[in-house]
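See structure below.
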Amino acid sequence: MASQGESKWVYSFGAGATEGRADMKNLLGGKGANLAEMANLGLPVPPGFTITTELCTYFYANGRSYPPELTTQVEAAVERLETAMDALFGDPVNPLLVSVRSGARASMPGMMDTVLNLGLNDATAAGLAKRSGDARFAYDSYRRFIQMYSNVVLDVEHHHFEDILDNHKRDKSYSLDTDLSAEDWQAVIEDYKKAVERELGRPFPQDVQEQLWGAIGAVFDSWMNARAITYRKLHDIPAAWGTAVNVQCMVFGNMGNDCATGVAFTRNPSTGENAFYGEYLVNAQGEDVVAGIRTPQHLTIAGKIANKSDLPAMEEVMPEVFNQLNEVRLRLEGHYRDMQDIEFTVQQNKLFMLQTRNGKRTAPAALKIAVDLANEGVIDQNEAVRRIDPASLDQLLHPTLDPKADRKIIAKGLPASPGAASGKVVFTADEAELMAGKGEAVILCRIETSPEDIHGMHAARGILTSRGGMTSHAAVVARGMGRACVSGAGDLRIDYKTRQMSVRGVAVKEGDILTIDGSTGEVMLGEVPTIQPELSGDFATLMGWADKIRRMKVRANAETPLDARTARKFGAEGIGLSRTEHMFFDPERILAVREMILAEDEAGRRKALAKLEPFQKKDFVELFTIMAGLPVTIRLLDPPLHEFLPNTDEDMAEVAAATGTDPLRVRHRTIQLHEANPMLGHRGCRLGISYPEIYEMQARAIFAAAAEVAKTTGEAVIPEVMIPLIITKKEFDILKAVIDRAAEQVKAETGVTVEYLTGTMIEIPRAALKAGEIAESAEFFSYGTNDLTQTTLGLSRDDAGSFLPEYQRQGILEQDPFQTLDVSGVGELVEIATERGRKVRPDIKLGICGEHGGDPASISFCEKIGLTYVSCSPYRVPIARLAAAQAALHSDTVKRD
């Protein structure tokens, strides 16, 4: 216990004196809080103690040192364990052994370090052998400890130990680790210790106190290792959260055939089916299951049959323990009201619980579990909507393998993470990251993955391993990332040196194309065609609930018929940005665009624009027809004109011939239009001011299309005409007059009065600051946060990637501002513009159409300041719908509080 005035750094759990609860995970980390909660529930949890996340913060703030009172608090906690277990730490006759594990407040599977069997040395290993009556078990545990501690704490690489073990097995013609006797393990241990001394210049530590503090320090150090930093960045976990350290009495799954260890999920984490799902190994320790070193066995008979396994299920070989475990499963899921990921050990037919946490799951599983729990009355619909990570829906919105397509199956493994992926074979994480950076689709093929591979796993389209089960590192991480994964394809022989793998006479080299199906476990040669997903069932149910909750509308950025149809399919409520310049690049019309640019005078430009107008009108007829009365915001021409002109001499000559112009005239005009900084140059409304006939043509095409569709369908079409890059009200007023005249012309020609709105894109800081003035004329604002971010931060989106990671690493910027809105800077400008615009025009429509419109964190900000809608790419529409609902729920909660 901490004395008065001292900070409390250590919290005990188990053995009748638990100081924590599940709701203390910010202080105790997820693992520590849940161990305390399981102990409070009376479940069989080996006793232990948790050193808090606050200590991690102290550690890094004070030059990796500890507060003076920590030693006393840890010593008192160890004494408590000694009393509970009737054993002494470091005692050669009756030794207490502990595990030391990390435990961040957010689950980070495999990212930080663990040490098992701590407290073993030459003397205590001999004592454990004598006391247990099983020398083989004792020395197996000691060799595991040396290997794990040396790697995690002393930084001696794994391969030194693997080579030694492989040599011993080869010399004795053993195939499995379990074939080694006590004497074999003693010989291995001697070689292990020699390897440590050779690598470090000092012997393996025999002092158990040195071992304990070394392991505690290693866990805190691992919070800042490369793989943990990468994982935090991918999952938006702040470095300031820190990790806790859990020290827990060891229980042993490797004492013989009445012992086991395993990992289980209370429901199927791949499909969401309400069925017990997991794996175990007899005579093993927990790391053996998740590391993929041995092929695990299924918990249930149903799982064994489904996966065509010949190995007996736990339900068959340990029926009483299995029934206890199943009762714990039901109790934990009922208590936490969510699917749990649990770790357990069986020591001499006695069950012990080592961990529970909300289980990582695929997007389809997450949807099914949330919808099922809501339908079962365990949670309400609002809670079901809260539980789905909007970004995870991306897994559902992309194609899967066409079941009718030919496929050359060369191997089969376990269906570890659903979805299909094709790509070039690579054998290292670094190569995966390198090739993906060049735009290549890659499949990362490994014997087994380790936490060091996380950057390559993220870069790859899919992951294939020859070893490991459904709960191996590769499977768990792939499911969390939404990557297709096939694990345990045991027929594959992967050779890292020759950079190739083989299976039944088929050789696959680095760079060859493979397809994997993470839903079936199939591995196929070449690329297999795909089909679009079916968005019904649980997906449709949950999205229906989300749509009832959200306040903001969700539109799509779309300018092609395919984009518009995709947007409608995904539930878009209109188009928030149609970029007309994308239409100009069509081969049928680029020549007329170039004629217009090369024209000597307005008459020449109008002649060329007359050729373009029918194309533009056709574009808008298609969009208005597909959107069927939903709002469509059309941005008038935005990019500088030089982007439409050719760059090479050959292309210039071709354009000159096609337009009947002198090649020198083409070259001269190209040079004349060249700009040193085109992003801030002659573009957007500046083109309209210089060449109003361009915007006049576009406006006429918009209104003529609206009139035609209204006549054809009988439904009114209300286009929203957006003028880009405004910085003054005067610019807007000049161009609005051009648009209004075009509307009158179309009305005179067609006899149809088209209702329309005229607004602007707020993408320059001055426009945000002058929003009150601009709103006197503008009927809507659309925040173009891509350019607003560039102009506010002075960053080029195309060039900042070279240094932004360093800014994030040093904490200068928390996130990439082009992915997640810079709320304190760019966001403040958006808030100012919103407030000033509404003051002048209370009913002004306000939307966001930059990339941030599909980013959940940015959507939360949009809800907070009360925007009318967000607009995003078609494939992100469901993500935005769900994120908008969650933002509305959060807003309601904040208001109530």
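Naming scheme: A, B, ... for chains in displayed order of the structure tokens; residues 1 onward per chain; ligands 1 onward as shown.
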Residues within 10 Å of Phe703 (chain A), please, as a list in words. Count only C-alpha atoms; anything in the same chain fewer than 2 positions from it doesn't count. Lys617, Phe620, Val621, Gln698, Ala699, Arg700, Ala701, Ala705, Ala706, Ala707, Glu708, Val709, Val717, Ile718, Pro719, Val721, Ile739, Ala742, Ala743, Glu744, Gln745, Val746, Lys747, Thr750, Val752, Thr753, Val754, Glu755 and Tyr756 of chain A
File of the preceding selection, N, CA, C and O atoms, as a compact mmCIF listing (two decimals), in the first residue's frame:
# COMPACT_ATOMS: atom_id res chain seq x y z
N LYS A 617 -23.92 19.60 -71.41
CA LYS A 617 -25.34 19.38 -71.13
C LYS A 617 -25.63 17.89 -70.95
O LYS A 617 -26.33 17.48 -70.01
N PHE A 620 -24.63 16.66 -67.55
CA PHE A 620 -25.52 17.05 -66.46
C PHE A 620 -26.87 16.36 -66.56
O PHE A 620 -27.47 16.03 -65.52
N VAL A 621 -27.34 16.08 -67.75
CA VAL A 621 -28.58 15.31 -67.90
C VAL A 621 -28.42 13.95 -67.24
O VAL A 621 -29.30 13.48 -66.50
N GLN A 698 -20.99 26.89 -69.16
CA GLN A 698 -21.27 25.83 -68.19
C GLN A 698 -22.63 26.04 -67.53
O GLN A 698 -23.39 25.08 -67.34
N ALA A 699 -22.93 27.29 -67.19
CA ALA A 699 -24.22 27.57 -66.54
C ALA A 699 -25.38 27.26 -67.50
O ALA A 699 -26.39 26.67 -67.10
N ARG A 700 -25.23 27.65 -68.76
CA ARG A 700 -26.29 27.34 -69.74
C ARG A 700 -26.50 25.82 -69.82
O ARG A 700 -27.63 25.34 -69.86
N ALA A 701 -25.39 25.06 -69.87
CA ALA A 701 -25.49 23.59 -69.96
C ALA A 701 -26.20 23.02 -68.74
O ALA A 701 -27.03 22.10 -68.86
N ALA A 705 -29.89 21.29 -69.06
CA ALA A 705 -30.03 19.90 -68.62
C ALA A 705 -31.13 19.77 -67.58
O ALA A 705 -31.94 18.83 -67.62
N ALA A 706 -31.17 20.71 -66.63
CA ALA A 706 -32.19 20.66 -65.57
C ALA A 706 -33.58 20.79 -66.18
O ALA A 706 -34.52 20.09 -65.79
N ALA A 707 -33.70 21.69 -67.18
CA ALA A 707 -35.01 21.88 -67.83
C ALA A 707 -35.43 20.61 -68.57
O ALA A 707 -36.60 20.18 -68.49
N GLU A 708 -34.49 19.98 -69.26
CA GLU A 708 -34.82 18.76 -70.02
C GLU A 708 -35.23 17.63 -69.09
O GLU A 708 -36.22 16.93 -69.35
N VAL A 709 -34.48 17.42 -68.00
CA VAL A 709 -34.79 16.33 -67.07
C VAL A 709 -36.13 16.60 -66.38
O VAL A 709 -36.93 15.68 -66.17
N VAL A 717 -35.70 19.70 -60.80
CA VAL A 717 -34.27 19.53 -60.53
C VAL A 717 -33.75 20.88 -60.04
O VAL A 717 -33.98 21.90 -60.71
N ILE A 718 -33.14 20.88 -58.86
CA ILE A 718 -32.64 22.15 -58.31
C ILE A 718 -31.12 22.09 -58.22
O ILE A 718 -30.55 21.64 -57.22
N PRO A 719 -30.42 22.51 -59.29
CA PRO A 719 -28.97 22.46 -59.25
C PRO A 719 -28.40 23.52 -58.31
O PRO A 719 -29.02 24.56 -58.08
N VAL A 721 -25.09 25.74 -58.13
CA VAL A 721 -23.95 26.16 -58.95
C VAL A 721 -22.90 26.77 -58.03
O VAL A 721 -23.18 27.74 -57.31
N ILE A 739 -24.16 33.90 -64.24
CA ILE A 739 -24.98 32.69 -64.07
C ILE A 739 -26.46 33.04 -64.20
O ILE A 739 -27.23 32.32 -64.85
N ALA A 742 -27.47 33.49 -67.77
CA ALA A 742 -27.57 32.19 -68.45
C ALA A 742 -28.90 31.52 -68.13
O ALA A 742 -29.55 30.92 -68.99
N ALA A 743 -29.36 31.66 -66.88
CA ALA A 743 -30.63 31.06 -66.47
C ALA A 743 -31.79 31.71 -67.23
O ALA A 743 -32.73 31.03 -67.67
N GLU A 744 -31.72 33.02 -67.39
CA GLU A 744 -32.78 33.73 -68.12
C GLU A 744 -32.79 33.32 -69.59
O GLU A 744 -33.86 33.16 -70.19
N GLN A 745 -31.61 33.15 -70.19
CA GLN A 745 -31.52 32.71 -71.59
C GLN A 745 -32.18 31.35 -71.77
O GLN A 745 -32.97 31.13 -72.72
N VAL A 746 -31.86 30.41 -70.86
CA VAL A 746 -32.42 29.05 -70.96
C VAL A 746 -33.94 29.10 -70.76
O VAL A 746 -34.70 28.40 -71.45
N LYS A 747 -34.40 29.93 -69.84
CA LYS A 747 -35.85 30.07 -69.60
C LYS A 747 -36.54 30.56 -70.86
O LYS A 747 -37.60 30.05 -71.27
N THR A 750 -36.47 27.60 -73.50
CA THR A 750 -37.16 26.34 -73.19
C THR A 750 -38.55 26.55 -72.60
O THR A 750 -39.37 25.62 -72.57
N VAL A 752 -38.98 26.85 -69.51
CA VAL A 752 -38.94 26.21 -68.18
C VAL A 752 -38.17 27.12 -67.23
O VAL A 752 -37.05 27.55 -67.53
N THR A 753 -38.77 27.41 -66.09
CA THR A 753 -38.06 28.16 -65.05
C THR A 753 -37.35 27.16 -64.14
O THR A 753 -38.00 26.31 -63.52
N VAL A 754 -36.04 27.24 -64.11
CA VAL A 754 -35.24 26.32 -63.29
C VAL A 754 -34.89 27.01 -61.97
O VAL A 754 -34.29 28.09 -61.96
N GLU A 755 -35.33 26.39 -60.88
CA GLU A 755 -34.87 26.90 -59.57
C GLU A 755 -33.43 26.46 -59.37
O GLU A 755 -33.07 25.34 -59.72
N TYR A 756 -32.64 27.32 -58.78
CA TYR A 756 -31.24 26.97 -58.54
C TYR A 756 -30.69 27.79 -57.39
O TYR A 756 -31.27 28.82 -57.02
Which residues are near region 318-323 of chain A? Cut-off 8 Å, only C-alpha atoms, ignore same chain within fewer than 6 positions. Put them as a ChimeraX atom specification. /A:299,346,349-351
Write a file of the just-selected residues containing N, CA and C atoms, as a CSV table (one decimal), in the first residue's frame.
chain,number,residue,atom,x,y,z
A,299,LEU,N,-11.1,-25.9,-30.2
A,299,LEU,CA,-11.8,-26.1,-28.9
A,299,LEU,C,-13.0,-27.1,-29.0
A,346,VAL,N,-4.7,-24.4,-18.6
A,346,VAL,CA,-5.2,-25.5,-17.8
A,346,VAL,C,-3.9,-26.2,-17.2
A,349,ASN,N,-5.5,-30.2,-15.1
A,349,ASN,CA,-7.0,-30.2,-15.2
A,349,ASN,C,-7.7,-29.1,-14.4
A,350,LYS,N,-7.0,-28.1,-14.0
A,350,LYS,CA,-7.6,-27.0,-13.4
A,350,LYS,C,-7.5,-25.7,-14.3
A,351,LEU,N,-8.7,-25.1,-14.5
A,351,LEU,CA,-8.8,-24.0,-15.4
A,351,LEU,C,-8.4,-22.7,-14.7
Give me every helix (DSSP H, G or I) residue in region 546-770 of chain A, going by DSSP on the backbone, as number ranges by chain. A: 546-549, 561-569, 580-584, 590-598, 602-627, 641-644, 649-659, 663-673, 678-680, 685-690, 692-713, 729-750, 765-769
Those same residues, written as a compact mmCIF listing (two decimals), in the first residue's frame with C-alpha atoms?
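Listing of part-v9.txt after writing:
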# COMPACT_ATOMS: atom_id res chain seq x y z
CA ALA A 546 -27.73 4.95 -38.23
CA ASP A 547 -29.83 6.92 -40.72
CA LYS A 548 -32.61 7.35 -38.13
CA ILE A 549 -30.08 8.77 -35.66
CA PRO A 561 -22.42 8.27 -64.21
CA LEU A 562 -20.59 5.32 -62.61
CA ASP A 563 -19.62 7.44 -59.58
CA ALA A 564 -23.18 8.75 -59.29
CA ARG A 565 -24.73 5.26 -59.47
CA THR A 566 -22.20 3.92 -56.93
CA ALA A 567 -23.01 6.84 -54.64
CA ARG A 568 -26.75 6.13 -54.84
CA LYS A 569 -26.14 2.42 -54.18
CA THR A 580 -16.57 19.79 -64.24
CA GLU A 581 -12.93 19.84 -65.32
CA HIS A 582 -12.84 16.02 -65.13
CA MET A 583 -15.45 16.04 -67.90
CA PHE A 584 -13.20 18.23 -70.10
CA ILE A 590 -10.34 17.79 -75.10
CA LEU A 591 -9.76 19.08 -78.65
CA ALA A 592 -12.53 21.68 -78.28
CA VAL A 593 -11.09 22.69 -74.89
CA ARG A 594 -7.69 23.21 -76.49
CA GLU A 595 -9.23 25.18 -79.35
CA MET A 596 -10.83 27.44 -76.78
CA ILE A 597 -7.52 27.96 -74.96
CA LEU A 598 -5.62 28.64 -78.20
CA GLU A 602 -13.54 36.03 -77.32
CA ALA A 603 -15.23 35.16 -80.62
CA GLY A 604 -12.79 32.30 -81.12
CA ARG A 605 -13.33 31.10 -77.57
CA ARG A 606 -17.12 31.21 -77.93
CA LYS A 607 -16.89 29.20 -81.15
CA ALA A 608 -14.94 26.45 -79.36
CA LEU A 609 -17.20 26.61 -76.30
CA ALA A 610 -20.24 26.09 -78.54
CA LYS A 611 -18.76 22.70 -79.46
CA LEU A 612 -18.33 21.86 -75.74
CA GLU A 613 -21.78 22.90 -74.56
CA PRO A 614 -23.69 19.84 -75.89
CA PHE A 615 -21.18 17.55 -74.15
CA GLN A 616 -21.56 19.46 -70.87
CA LYS A 617 -25.34 19.38 -71.13
CA LYS A 618 -25.28 15.61 -71.74
CA ASP A 619 -23.06 15.18 -68.65
CA PHE A 620 -25.52 17.05 -66.46
CA VAL A 621 -28.58 15.31 -67.90
CA GLU A 622 -27.05 11.98 -66.89
CA LEU A 623 -26.18 13.17 -63.37
CA PHE A 624 -29.59 14.79 -62.76
CA THR A 625 -31.39 11.69 -64.06
CA ILE A 626 -29.40 9.30 -61.85
CA MET A 627 -29.79 11.51 -58.76
CA LEU A 641 -5.83 26.30 -68.36
CA HIS A 642 -2.27 25.05 -68.91
CA GLU A 643 -3.31 21.69 -67.43
CA PHE A 644 -5.32 21.01 -70.60
CA ASP A 649 6.84 18.52 -78.81
CA GLU A 650 5.16 15.50 -80.36
CA ASP A 651 1.84 16.20 -78.58
CA MET A 652 2.06 19.89 -79.44
CA ALA A 653 2.48 19.06 -83.14
CA GLU A 654 -0.53 16.72 -82.94
CA VAL A 655 -2.71 19.43 -81.35
CA ALA A 656 -1.56 22.00 -83.91
CA ALA A 657 -2.52 19.68 -86.77
CA ALA A 658 -5.89 18.84 -85.25
CA THR A 659 -6.80 22.47 -84.58
CA PRO A 663 2.91 24.41 -83.74
CA LEU A 664 4.80 27.53 -82.62
CA ARG A 665 1.47 29.07 -81.58
CA VAL A 666 0.75 26.01 -79.41
CA ARG A 667 4.22 26.22 -77.84
CA HIS A 668 3.93 29.96 -77.28
CA ARG A 669 0.51 29.62 -75.60
CA THR A 670 1.80 26.79 -73.39
CA ILE A 671 4.74 28.94 -72.27
CA GLN A 672 2.46 31.95 -71.84
CA LEU A 673 0.09 30.03 -69.53
CA PRO A 678 -0.49 27.18 -60.27
CA MET A 679 -2.31 26.25 -57.06
CA LEU A 680 -2.39 29.96 -56.22
CA CYS A 685 -13.22 32.18 -60.30
CA ARG A 686 -10.20 34.06 -61.68
CA LEU A 687 -10.75 32.21 -64.96
CA GLY A 688 -14.40 33.27 -64.84
CA ILE A 689 -13.45 36.90 -64.31
CA SER A 690 -10.96 36.78 -67.23
CA PRO A 692 -16.74 34.89 -68.36
CA GLU A 693 -17.87 33.05 -71.50
CA ILE A 694 -16.50 29.78 -69.99
CA TYR A 695 -18.74 30.01 -66.91
CA GLU A 696 -21.63 31.25 -69.07
CA MET A 697 -21.39 28.10 -71.25
CA GLN A 698 -21.27 25.83 -68.19
CA ALA A 699 -24.22 27.57 -66.54
CA ARG A 700 -26.29 27.34 -69.74
CA ALA A 701 -25.49 23.59 -69.96
CA ILE A 702 -26.53 23.09 -66.33
CA PHE A 703 -29.86 24.90 -66.68
CA ALA A 704 -30.69 23.37 -70.08
CA ALA A 705 -30.03 19.90 -68.62
CA ALA A 706 -32.19 20.66 -65.57
CA ALA A 707 -35.01 21.88 -67.83
CA GLU A 708 -34.82 18.76 -70.02
CA VAL A 709 -34.79 16.33 -67.07
CA ALA A 710 -37.68 18.20 -65.40
CA LYS A 711 -39.72 17.91 -68.60
CA THR A 712 -38.82 14.22 -69.07
CA THR A 713 -39.37 13.06 -65.49
CA LYS A 729 -17.87 39.42 -52.51
CA LYS A 730 -17.24 41.51 -55.64
CA GLU A 731 -15.87 38.48 -57.53
CA PHE A 732 -18.90 36.47 -56.51
CA ASP A 733 -21.38 39.17 -57.53
CA ILE A 734 -19.79 39.58 -61.00
CA LEU A 735 -19.95 35.85 -61.69
CA LYS A 736 -23.41 35.38 -60.14
CA ALA A 737 -24.67 37.92 -62.68
CA VAL A 738 -23.19 35.78 -65.49
CA ILE A 739 -24.98 32.69 -64.07
CA ASP A 740 -28.29 34.54 -63.64
CA ARG A 741 -28.16 35.78 -67.26
CA ALA A 742 -27.57 32.19 -68.45
CA ALA A 743 -30.63 31.06 -66.47
CA GLU A 744 -32.78 33.73 -68.12
CA GLN A 745 -31.52 32.71 -71.59
CA VAL A 746 -32.42 29.05 -70.96
CA LYS A 747 -35.85 30.07 -69.60
CA ALA A 748 -36.49 32.10 -72.76
CA GLU A 749 -35.40 29.21 -75.00
CA THR A 750 -37.16 26.34 -73.19
CA PRO A 765 -8.58 31.88 -45.44
CA ARG A 766 -9.73 35.36 -46.51
CA ALA A 767 -13.03 33.93 -47.76
CA ALA A 768 -13.57 32.28 -44.38
CA LEU A 769 -12.90 35.56 -42.58
If we count only C-alpha atoms and set the cut-off at 12 Å, which residues sit around Glu440 (chain A), ignoring sequence neighbours fewer than 4 positions away in its own chain? Please answer as a ChimeraX atom specification. /A:422-426,431-436,459-461,511,513
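The protein and nucleic acid residues lying at most 8 Å from Gln886 (chain A) are Val385, Arg386, Ala546, Arg550, Ser860, Leu882 and His890 of chain A, with only C-alpha atoms considered and sequence neighbours fewer than 4 positions away removed.
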Residues just named, written with C-alpha atoms as a PDB file, in the first residue's frame:
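The result, written out as out27.pdb:
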ATOM      1  CA  VAL A 385     -24.452   1.900 -33.930  1.00  0.00           C
ATOM      2  CA  ARG A 386     -21.791   3.160 -31.504  1.00  0.00           C
ATOM      3  CA  ALA A 546     -27.734   4.951 -38.228  1.00  0.00           C
ATOM      4  CA  ARG A 550     -27.950  11.121 -37.736  1.00  0.00           C
ATOM      5  CA  SER A 860     -17.506  14.599 -35.671  1.00  0.00           C
ATOM      6  CA  LEU A 882     -22.293   5.797 -39.710  1.00  0.00           C
ATOM      7  CA  HIS A 890     -21.965  11.908 -28.985  1.00  0.00           C
TER       8      HIS A 890
END
Long-range neighbours of Glu448 (chain A) as a ChimeraX atom specification, 10 Å cut-off, only C-alpha atoms, 5 positions minimum in chain: /A:291-293,453,463-469,472-474,487-488
List the neighbours of region 238-247 of chain A out to 6 Å using only C-alpha atoms; skip same-chain residues closer than 2 positions along the sequence, and give me the result as a list in words.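 With the cut-off at 6 Å, the set is Leu28, Gly29, Gly48, Phe49, Thr50, Ile51, Thr52, Thr53, Cys56, Ser99, Val100, Arg101, Ser102, Gly103 and Ala104 of chain A.
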Just to be explicit: take each residue in the selection above, keep N, CA and C atoms, and write the result as a PDB file, in the first residue's frame.
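Okay, this is what ended up in part04.pdb:
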ATOM      1  N   LEU A  28      -5.213   1.394 -15.239  1.00  0.00           N
ATOM      2  CA  LEU A  28      -4.649   0.043 -15.106  1.00  0.00           C
ATOM      3  C   LEU A  28      -4.395  -0.617 -16.454  1.00  0.00           C
ATOM      4  N   GLY A  29      -4.757   0.048 -17.556  1.00  0.00           N
ATOM      5  CA  GLY A  29      -4.666  -0.595 -18.861  1.00  0.00           C
ATOM      6  C   GLY A  29      -5.796  -1.598 -19.021  1.00  0.00           C
ATOM      7  N   GLY A  48      -1.989 -11.323  -8.846  1.00  0.00           N
ATOM      8  CA  GLY A  48      -0.902 -10.516  -9.393  1.00  0.00           C
ATOM      9  C   GLY A  48      -1.077  -9.069  -9.015  1.00  0.00           C
ATOM     10  N   PHE A  49      -0.344  -8.202  -9.692  1.00  0.00           N
ATOM     11  CA  PHE A  49      -0.486  -6.756  -9.453  1.00  0.00           C
ATOM     12  C   PHE A  49      -0.191  -6.003 -10.741  1.00  0.00           C
ATOM     13  N   THR A  50      -0.723  -4.791 -10.811  1.00  0.00           N
ATOM     14  CA  THR A  50      -0.575  -3.937 -11.988  1.00  0.00           C
ATOM     15  C   THR A  50       0.150  -2.663 -11.606  1.00  0.00           C
ATOM     16  N   ILE A  51       1.198  -2.327 -12.344  1.00  0.00           N
ATOM     17  CA  ILE A  51       1.867  -1.027 -12.212  1.00  0.00           C
ATOM     18  C   ILE A  51       1.204  -0.101 -13.235  1.00  0.00           C
ATOM     19  N   THR A  52       0.741   1.058 -12.822  1.00  0.00           N
ATOM     20  CA  THR A  52      -0.200   1.862 -13.597  1.00  0.00           C
ATOM     21  C   THR A  52       0.416   2.523 -14.835  1.00  0.00           C
ATOM     22  N   THR A  53      -0.490   2.939 -15.722  1.00  0.00           N
ATOM     23  CA  THR A  53      -0.076   3.690 -16.918  1.00  0.00           C
ATOM     24  C   THR A  53       0.556   5.031 -16.530  1.00  0.00           C
ATOM     25  N   CYS A  56       4.174   4.833 -16.466  1.00  0.00           N
ATOM     26  CA  CYS A  56       4.785   4.901 -17.794  1.00  0.00           C
ATOM     27  C   CYS A  56       5.010   6.361 -18.190  1.00  0.00           C
ATOM     28  N   SER A  99       4.755 -13.992 -14.522  1.00  0.00           N
ATOM     29  CA  SER A  99       4.821 -13.457 -15.885  1.00  0.00           C
ATOM     30  C   SER A  99       4.814 -11.935 -15.775  1.00  0.00           C
ATOM     31  N   VAL A 100       5.434 -11.278 -16.749  1.00  0.00           N
ATOM     32  CA  VAL A 100       5.427  -9.817 -16.801  1.00  0.00           C
ATOM     33  C   VAL A 100       4.928  -9.437 -18.194  1.00  0.00           C
ATOM     34  N   ARG A 101       3.780  -8.738 -18.235  1.00  0.00           N
ATOM     35  CA  ARG A 101       3.139  -8.417 -19.520  1.00  0.00           C
ATOM     36  C   ARG A 101       2.767  -6.944 -19.562  1.00  0.00           C
ATOM     37  N   SER A 102       2.700  -6.428 -20.788  1.00  0.00           N
ATOM     38  CA  SER A 102       2.224  -5.071 -20.994  1.00  0.00           C
ATOM     39  C   SER A 102       0.698  -5.067 -20.940  1.00  0.00           C
ATOM     40  N   GLY A 103       0.115  -3.871 -20.900  1.00  0.00           N
ATOM     41  CA  GLY A 103      -1.342  -3.758 -20.918  1.00  0.00           C
ATOM     42  C   GLY A 103      -1.771  -2.326 -21.134  1.00  0.00           C
ATOM     43  N   ALA A 104      -1.797  -1.900 -22.391  1.00  0.00           N
ATOM     44  CA  ALA A 104      -2.229  -0.534 -22.710  1.00  0.00           C
ATOM     45  C   ALA A 104      -3.731  -0.413 -22.544  1.00  0.00           C
TER      46      ALA A 104
END
May I have the residues within 12 Å of Glu510 (chain A) as a PyMOL selection string, using only C-alpha atoms and disregarding those fewer than 4 positions away in the same chain? chain A and resi 423-428+431-432+435+442-446+494-502+514
Which of these, A:Arg227, A:Lys404, A:Lys304, A:Arg809, has the shortest distance to Met457 (chain A) once you count only C-alpha atoms?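 With only C-alpha atoms as the atom set, the closest residue is A:Arg227.
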Find the residue from A:Ile146, A:Leu793, A:Ser873, A:Glu715 that sits nearest to Gly629 (chain A); use only C-alpha atoms when measuring. A:Glu715
Which of region 474-603 of chain A DSSP labels strand (DSSP E or B), written as an NGL selection string: :A and (484-487 or 493-495 or 500-503 or 506-509 or 513-517 or 522-525 or 530-531 or 553-557 or 575-579)
Saved selection, atoms kept: C-alpha atoms, as a short mmCIF file (atom, residue, chain, number, x, y, z; two decimals), in the first residue's frame:
data_model
loop_
_atom_site.label_atom_id
_atom_site.label_comp_id
_atom_site.auth_asym_id
_atom_site.auth_seq_id
_atom_site.Cartn_x
_atom_site.Cartn_y
_atom_site.Cartn_z
CA ALA A 484 -7.37 -10.70 -46.32
CA CYS A 485 -5.31 -13.39 -44.61
CA VAL A 486 -4.73 -17.10 -45.10
CA SER A 487 -2.68 -18.67 -42.31
CA ARG A 493 7.65 -24.30 -48.46
CA ILE A 494 8.89 -20.73 -48.18
CA ASP A 495 12.59 -20.04 -48.75
CA GLN A 500 10.53 -18.22 -53.69
CA MET A 501 8.08 -20.76 -52.34
CA SER A 502 6.99 -24.12 -53.62
CA VAL A 503 4.02 -26.41 -53.21
CA VAL A 506 4.73 -25.52 -58.33
CA ALA A 507 7.34 -22.80 -57.76
CA VAL A 508 6.21 -19.24 -57.00
CA LYS A 509 8.91 -16.58 -57.23
CA ILE A 513 0.93 -12.92 -59.04
CA LEU A 514 -1.07 -14.75 -56.37
CA THR A 515 -4.67 -14.47 -55.22
CA ILE A 516 -5.77 -15.41 -51.71
CA ASP A 517 -9.28 -15.82 -50.36
CA GLU A 522 -7.62 -20.87 -50.76
CA VAL A 523 -4.35 -19.78 -52.40
CA MET A 524 -4.52 -19.36 -56.18
CA LEU A 525 -1.98 -18.77 -58.93
CA THR A 530 -13.97 -10.15 -58.57
CA ILE A 531 -17.62 -9.17 -58.09
CA LYS A 553 -26.98 14.59 -44.70
CA VAL A 554 -24.35 12.63 -46.60
CA ARG A 555 -23.58 13.41 -50.23
CA ALA A 556 -20.93 12.11 -52.61
CA ASN A 557 -18.21 13.68 -54.71
CA ILE A 575 -23.85 15.13 -54.99
CA GLY A 576 -21.84 17.57 -52.92
CA LEU A 577 -19.11 18.13 -55.49
CA SER A 578 -19.13 17.51 -59.23
CA ARG A 579 -15.81 18.62 -60.70
#
Given the choices A:Asp638, A:His159, A:Glu534, A:Asp191, which gets closest to Pro203 (chain A) if the distance is worked out from only C-alpha atoms? A:Asp191
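Put simply, CA of Phe220 (chain A) is 28.2 Å away from CA of Tyr336 (chain A).
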A:Leu535, A:Ala15, A:Met148, A:Leu120: which is nearest Gln209 (chain A), counting only C-alpha atoms?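 Of A:Leu535, A:Ala15, A:Met148, A:Leu120, the one nearest Gln209 (chain A), counting only C-alpha atoms, is A:Leu120.
Each of A:Pro312, A:Pro296, A:Pro47, A:Gly272 was compared to Ser12 (chain A) using only C-alpha atoms, and A:Pro47 turns out to be the nearest.
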